[in-house]
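Peer 1: Questions regarding the structure given below will be posed in turn.
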Amino acid sequence: MKPYNIAVIAGDGIGPEVINEGINVLNTISTINPDVQFDFTHFPWGCEFYSRHGKMMDEDGIEQLSAFDSIYLGAVGFPGVPDHISLWDLLLIIRKSFDQYVNIRPVTLIKGAHCPLSDVQREEVDMLFIRENSEGEYSGAGDWLFKGKENEVVLQNSVFSRKGTERIIRYAYETAKKQGKTLTSISKANALNYSMVFWDQVFEEVGKEYPEVQTASYLVDAAAMLMIKDPKRFEVVVTSNLFGDILTDLGAALAGGIGLAAGANINPEREYPSMFEPIHGSAPDIAGQGKANPLASIWSASQMLDFFGYEQYGKMVLEAIEQLLVEGTVLTPDMGGTATTSEVGKRVNELLVSIATSKSVNN
Ligand code: NAD
Ligand code: IPM
Ligand code: MN
């Protein structure tokens, strides 16, 4: 079969370290099933590229990427380049240009993962965050008036279009319906008296088309508290761009740590490539030391396999991650171990091969 063409933007800091391990995992899948092949094209874009060329990617970067089946990204941003430049000129512009309006972030406490709350059972942390990923608080629109003057004013506009709000909420209802799960909307209409009033209204309107889906709706402040106090309330969750960003870092802490948290930026219509990435950043504090946990990147590679329709292999990769955590002997320092990034990657690959072998023996 024709190989999937994957654009790799390893990016900054720990990005290249973790993405390398994800690529190894995808290559292992190709050895397990030679019909599933990947062709990786590496783009050297990021903050180092910026320091040499004064831009985060090639001028026609978006056009170059548009030819690929998907994008696999490490992390973007590093001290030396202002974050709003590095992120807007690479990561955020890709999400926007390719209309990757669905950001899927699982918050699942898998076997062997450690939840910092002592009284929580594993099954109680099993959420699927569906974050609006194309507009809202991340519209990028605003103004900076009277810079440096006494009457200085800064505006940062949120944009919630009918189309943008309806499509993400409908996607979430569809997901909850398919999975037989409840759907929770998280907003903030008490203070955000335009955007979130509209969001709540659309949530209710679209909900009329899904009478079988049980719903709940929380204000974001209360939701943050309840995610810690009673996480089992949350199954499928839909929320705005900024709230989804913040709550999924909270979710990552609940579900084993930021080193495990993966995300998929999906263009459901498949008009443009989707992008898979860990949700963490470039971690400048540990970059270049072999300490980065590659599991989030590997999990996002498993999301890519799901997206291509190879759910059986996506599942196998997750199983390998679980087995590694249950063994508990080859872990990076953030998980209490002493192993390096590549040692963890290597162990995941070994486990993956042994899972595949035992499955083929049993079939
Ligand atoms: P960060 O996620 O990079 O790091 C936060 C903390 O988590 C650090 O202590 C770091 O060491 C730790 N950490 C993160 N990933 C880890 C991993 N895989 N293994 C072990 N520990 C890990 O967040 P930050 O420090 O706020 O941001 C650093 C830079 O990354 C900034 O420039 C920021 O804008 C950028 N950023 C990029 C993305 C992205 O590309 N998707 C996401 C978040 C932040
Ligand atoms: C994430 C990141 C990005 C976001 C930043 C780096 C722009 O935090 O993917 O969670 O806010 O979406
Ligand atoms: Mn984030």
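How things are named: the first chain in the structure tokens is A, the next is B, and so on; residues count from 1 in each chain; ligands count from 1 in the order shown.
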Which polymer residues have any atom within 10 Å of an atom of Val76 in chain A, counting only C-alpha atoms, with same-chain residues fewer than 3 positions away left out, as a ChimeraX atom specification?
Peer 2: /A:9-15,45-47,56,73,83,86-92,280-283
Peer 1: Mind dumping the selected residues with C-alpha atoms as a PDB file, in the first residue's frame?
Peer 2:
ATOM      1  CA  ILE A   9       7.898  19.367  12.791  1.00  0.00           C
ATOM      2  CA  ALA A  10       9.957  18.285  15.783  1.00  0.00           C
ATOM      3  CA  GLY A  11      10.357  21.931  16.805  1.00  0.00           C
ATOM      4  CA  ASP A  12      12.051  23.217  19.928  1.00  0.00           C
ATOM      5  CA  GLY A  13      13.476  22.029  23.240  1.00  0.00           C
ATOM      6  CA  ILE A  14      12.401  18.480  24.024  1.00  0.00           C
ATOM      7  CA  GLY A  15      10.312  18.369  20.819  1.00  0.00           C
ATOM      8  CA  TRP A  45      11.109  24.873  11.588  1.00  0.00           C
ATOM      9  CA  GLY A  46      11.068  26.444  15.028  1.00  0.00           C
ATOM     10  CA  CYS A  47      13.011  28.906  17.138  1.00  0.00           C
ATOM     11  CA  MET A  56       9.407  30.396  12.139  1.00  0.00           C
ATOM     12  CA  LEU A  73       4.585  17.977  15.888  1.00  0.00           C
ATOM     13  CA  ASP A  83       6.250  33.169  22.722  1.00  0.00           C
ATOM     14  CA  SER A  86       6.887  31.585  17.858  1.00  0.00           C
ATOM     15  CA  LEU A  87       3.482  30.111  18.602  1.00  0.00           C
ATOM     16  CA  TRP A  88       1.387  32.273  16.296  1.00  0.00           C
ATOM     17  CA  ASP A  89       3.792  31.902  13.383  1.00  0.00           C
ATOM     18  CA  LEU A  90       3.979  28.128  13.547  1.00  0.00           C
ATOM     19  CA  LEU A  91       1.691  26.058  15.771  1.00  0.00           C
ATOM     20  CA  LEU A  92      -1.370  28.293  15.886  1.00  0.00           C
ATOM     21  CA  HIS A 280       3.118  19.800  26.713  1.00  0.00           C
ATOM     22  CA  GLY A 281       5.583  22.417  25.533  1.00  0.00           C
ATOM     23  CA  SER A 282       9.294  22.483  24.815  1.00  0.00           C
ATOM     24  CA  ALA A 283      10.257  22.145  28.514  1.00  0.00           C
TER      25      ALA A 283
END
Peer 1: Excluding range 123-126 of chain A and its own-chain neighbours fewer than 3 positions away, which residues fall within 8 Å of it when counting only C-alpha atoms? Please give them as a PDB file with N, CA and C atoms, in the first residue's frame.
Peer 2:
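Saved result, result04.pdb, follows:
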ATOM      1  N   PRO A 106      -7.613  13.213  25.403  1.00  0.00           N
ATOM      2  CA  PRO A 106      -8.081  12.254  26.397  1.00  0.00           C
ATOM      3  C   PRO A 106      -7.500  12.563  27.780  1.00  0.00           C
ATOM      4  N   VAL A 107      -8.331  12.456  28.775  1.00  0.00           N
ATOM      5  CA  VAL A 107      -7.881  12.566  30.178  1.00  0.00           C
ATOM      6  C   VAL A 107      -8.284  11.256  30.839  1.00  0.00           C
ATOM      7  N   THR A 108      -7.465  10.247  30.625  1.00  0.00           N
ATOM      8  CA  THR A 108      -7.810   8.894  31.064  1.00  0.00           C
ATOM      9  C   THR A 108      -6.683   8.358  31.932  1.00  0.00           C
ATOM     10  N   LEU A 109      -7.043   7.923  33.102  1.00  0.00           N
ATOM     11  CA  LEU A 109      -6.033   7.351  34.004  1.00  0.00           C
ATOM     12  C   LEU A 109      -5.842   5.889  33.618  1.00  0.00           C
ATOM     13  N   VAL A 120      -8.750   8.340  44.620  1.00  0.00           N
ATOM     14  CA  VAL A 120      -9.426   8.199  43.321  1.00  0.00           C
ATOM     15  C   VAL A 120      -9.130   6.831  42.700  1.00  0.00           C
ATOM     16  N   PRO A 231     -14.028  13.631  39.824  1.00  0.00           N
ATOM     17  CA  PRO A 231     -13.726  13.543  38.385  1.00  0.00           C
ATOM     18  C   PRO A 231     -14.674  12.643  37.609  1.00  0.00           C
ATOM     19  N   LYS A 232     -15.307  11.690  38.284  1.00  0.00           N
ATOM     20  CA  LYS A 232     -16.154  10.738  37.537  1.00  0.00           C
ATOM     21  C   LYS A 232     -17.387  11.392  36.934  1.00  0.00           C
ATOM     22  N   PHE A 234     -17.321  13.668  34.865  1.00  0.00           N
ATOM     23  CA  PHE A 234     -17.002  14.135  33.515  1.00  0.00           C
ATOM     24  C   PHE A 234     -16.718  12.966  32.582  1.00  0.00           C
ATOM     25  N   GLU A 235     -17.445  12.921  31.471  1.00  0.00           N
ATOM     26  CA  GLU A 235     -17.172  11.899  30.450  1.00  0.00           C
ATOM     27  C   GLU A 235     -16.705  12.641  29.188  1.00  0.00           C
ATOM     28  N   LEU A 254      -4.102  15.104  36.637  1.00  0.00           N
ATOM     29  CA  LEU A 254      -4.973  14.075  37.236  1.00  0.00           C
ATOM     30  C   LEU A 254      -4.686  12.690  36.669  1.00  0.00           C
ATOM     31  N   ALA A 255      -4.285  12.658  35.400  1.00  0.00           N
ATOM     32  CA  ALA A 255      -4.229  11.380  34.683  1.00  0.00           C
ATOM     33  C   ALA A 255      -2.797  10.908  34.450  1.00  0.00           C
TER      34      ALA A 255
END
Peer 1: Extract, using only C-alpha atoms, all DNA, RNA and protein residues at most 9 Å from Ile228 in chain A, discarding same-chain residues fewer than 4 positions from it, and format them as a list in words.
Peer 2: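 The residues that qualify are Leu117, Ala223, Ala224, Leu250, Gly251 and Leu254 of chain A.
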Peer 1: Skip Gly336 in chain A itself and residues of its chain fewer than 2 positions away, then list as a ChimeraX atom specification all residues within 12 Å of it, counting only C-alpha atoms.
Peer 2: /A:113-114,256-257,259,291,293,325,328-334,338-340
Peer 1: Output C-alpha atoms for every residue in that selection, as a PDB file, in the first residue's frame.
Peer 2:
ATOM      1  CA  ALA A 113      -0.471   5.753  35.678  1.00  0.00           C
ATOM      2  CA  HIS A 114      -0.320   7.630  38.945  1.00  0.00           C
ATOM      3  CA  GLY A 256      -0.569  10.630  35.279  1.00  0.00           C
ATOM      4  CA  GLY A 257       1.257  13.838  34.395  1.00  0.00           C
ATOM      5  CA  GLY A 259       4.451  13.700  30.134  1.00  0.00           C
ATOM      6  CA  LYS A 291      14.949  13.401  30.678  1.00  0.00           C
ATOM      7  CA  ASN A 293       9.025  11.649  28.835  1.00  0.00           C
ATOM      8  CA  LEU A 325       3.741   1.868  33.358  1.00  0.00           C
ATOM      9  CA  GLY A 328       7.324   0.551  36.426  1.00  0.00           C
ATOM     10  CA  THR A 329      11.012  -0.120  35.823  1.00  0.00           C
ATOM     11  CA  VAL A 330      11.744   1.978  32.734  1.00  0.00           C
ATOM     12  CA  LEU A 331      10.385   5.446  33.489  1.00  0.00           C
ATOM     13  CA  THR A 332      11.667   8.989  33.048  1.00  0.00           C
ATOM     14  CA  PRO A 333      12.318  11.174  36.136  1.00  0.00           C
ATOM     15  CA  ASP A 334       8.939  12.962  35.947  1.00  0.00           C
ATOM     16  CA  THR A 338      15.816   7.162  36.153  1.00  0.00           C
ATOM     17  CA  ALA A 339      15.499   6.013  32.535  1.00  0.00           C
ATOM     18  CA  THR A 340      16.276   8.231  29.560  1.00  0.00           C
TER      19      THR A 340
END
Peer 1: Neighbours of Gly244 in chain A within 10 Å (only C-alpha atoms; same-chain residues fewer than 2 positions away dropped), as number ranges by chain?
Peer 2: A: 103-105, 129-133, 186-187, 220, 237-242, 246-251
Peer 1: Restricting it to N, CA and C atoms, dump the selection as a tab-separated table (two decimals), in the first residue's frame.
Peer 2:
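Listed below is the output, result_12.tsv:
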chain	number	residue	atom	x	y	z
A	103	ASN	N	-10.04	19.78	18.84
A	103	ASN	CA	-8.85	19.34	19.57
A	103	ASN	C	-9.29	18.26	20.57
A	104	ILE	N	-8.85	17.03	20.28
A	104	ILE	CA	-9.27	15.90	21.11
A	104	ILE	C	-8.17	15.57	22.11
A	105	ARG	N	-8.50	15.68	23.37
A	105	ARG	CA	-7.50	15.43	24.42
A	105	ARG	C	-8.06	14.46	25.46
A	129	PHE	N	-11.80	15.28	26.44
A	129	PHE	CA	-12.00	16.70	26.22
A	129	PHE	C	-12.06	16.98	24.72
A	130	ILE	N	-13.09	17.74	24.34
A	130	ILE	CA	-13.21	18.21	22.96
A	130	ILE	C	-13.15	19.74	23.03
A	131	ARG	N	-11.99	20.23	22.67
A	131	ARG	CA	-11.70	21.66	22.82
A	131	ARG	C	-11.90	22.35	21.48
A	132	GLU	N	-12.62	23.46	21.50
A	132	GLU	CA	-12.75	24.27	20.28
A	132	GLU	C	-11.35	24.80	19.95
A	133	ASN	N	-10.93	24.69	18.70
A	133	ASN	CA	-9.52	24.87	18.38
A	133	ASN	C	-9.27	25.86	17.26
A	186	ILE	N	-18.62	23.20	29.33
A	186	ILE	CA	-18.00	24.07	30.33
A	186	ILE	C	-17.89	25.48	29.75
A	187	SER	N	-18.48	26.46	30.47
A	187	SER	CA	-18.51	27.82	29.95
A	187	SER	C	-18.42	28.82	31.10
A	220	VAL	N	-16.83	27.39	34.43
A	220	VAL	CA	-15.47	26.84	34.37
A	220	VAL	C	-14.79	26.81	35.73
A	237	VAL	N	-16.46	15.99	27.27
A	237	VAL	CA	-16.53	17.39	27.71
A	237	VAL	C	-16.29	18.28	26.50
A	238	VAL	N	-17.12	19.31	26.34
A	238	VAL	CA	-16.88	20.27	25.26
A	238	VAL	C	-16.69	21.65	25.88
A	239	THR	N	-15.69	22.36	25.37
A	239	THR	CA	-15.43	23.68	25.95
A	239	THR	C	-14.67	24.56	24.96
A	240	SER	N	-14.52	25.80	25.35
A	240	SER	CA	-13.91	26.77	24.43
A	240	SER	C	-12.38	26.58	24.39
A	241	ASN	N	-11.77	27.29	23.48
A	241	ASN	CA	-10.35	27.16	23.22
A	241	ASN	C	-9.49	27.37	24.47
A	242	LEU	N	-9.68	28.50	25.14
A	242	LEU	CA	-8.84	28.81	26.30
A	242	LEU	C	-9.17	27.92	27.50
A	246	ILE	N	-6.55	25.24	29.42
A	246	ILE	CA	-6.20	25.23	30.85
A	246	ILE	C	-6.65	23.93	31.52
A	247	LEU	N	-7.89	23.55	31.25
A	247	LEU	CA	-8.43	22.37	31.95
A	247	LEU	C	-7.73	21.08	31.54
A	248	THR	N	-7.16	21.04	30.32
A	248	THR	CA	-6.48	19.79	29.93
A	248	THR	C	-5.09	19.68	30.55
A	249	ASP	N	-4.49	20.79	30.96
A	249	ASP	CA	-3.27	20.66	31.78
A	249	ASP	C	-3.64	20.16	33.18
A	250	LEU	N	-4.77	20.66	33.69
A	250	LEU	CA	-5.27	20.14	34.97
A	250	LEU	C	-5.58	18.65	34.83
A	251	GLY	N	-6.23	18.31	33.73
A	251	GLY	CA	-6.56	16.91	33.45
A	251	GLY	C	-5.29	16.06	33.34
Peer 1: Pick from A:Gln37, A:Met275, A:Glu350, A:Ala252: nearest to Ile93 in chain A, with only C-alpha atoms counted?
Peer 2: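 Distance minimum relative to Ile93 in chain A lands on A:Met275.
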Peer 1: Leaving out Thr41 in chain A and any residue of its chain fewer than 3 positions from it, which residues lie within 10 Å of it when counting only C-alpha atoms, given as an NGL selection string?
Peer 2: :A and (5-9 or 38 or 44 or 65 or 68 or 71-72)
Peer 1: Mind the document's chain letters and residue numbers, and return as a ChimeraX atom specification the residues of range 3-186 of chain A that DSSP labels helix (DSSP H, G or I).
Peer 2: /A:15-32,47-53,61-65,83-97,122-124,162-179
Peer 1: Enumerate the residues of range 134-223 of chain A with a DSSP assignment of strand (DSSP E or B), computed from the backbone, and present them as a ChimeraX atom specification.
Peer 2: /A:136-145,153-159,183-187,215-219
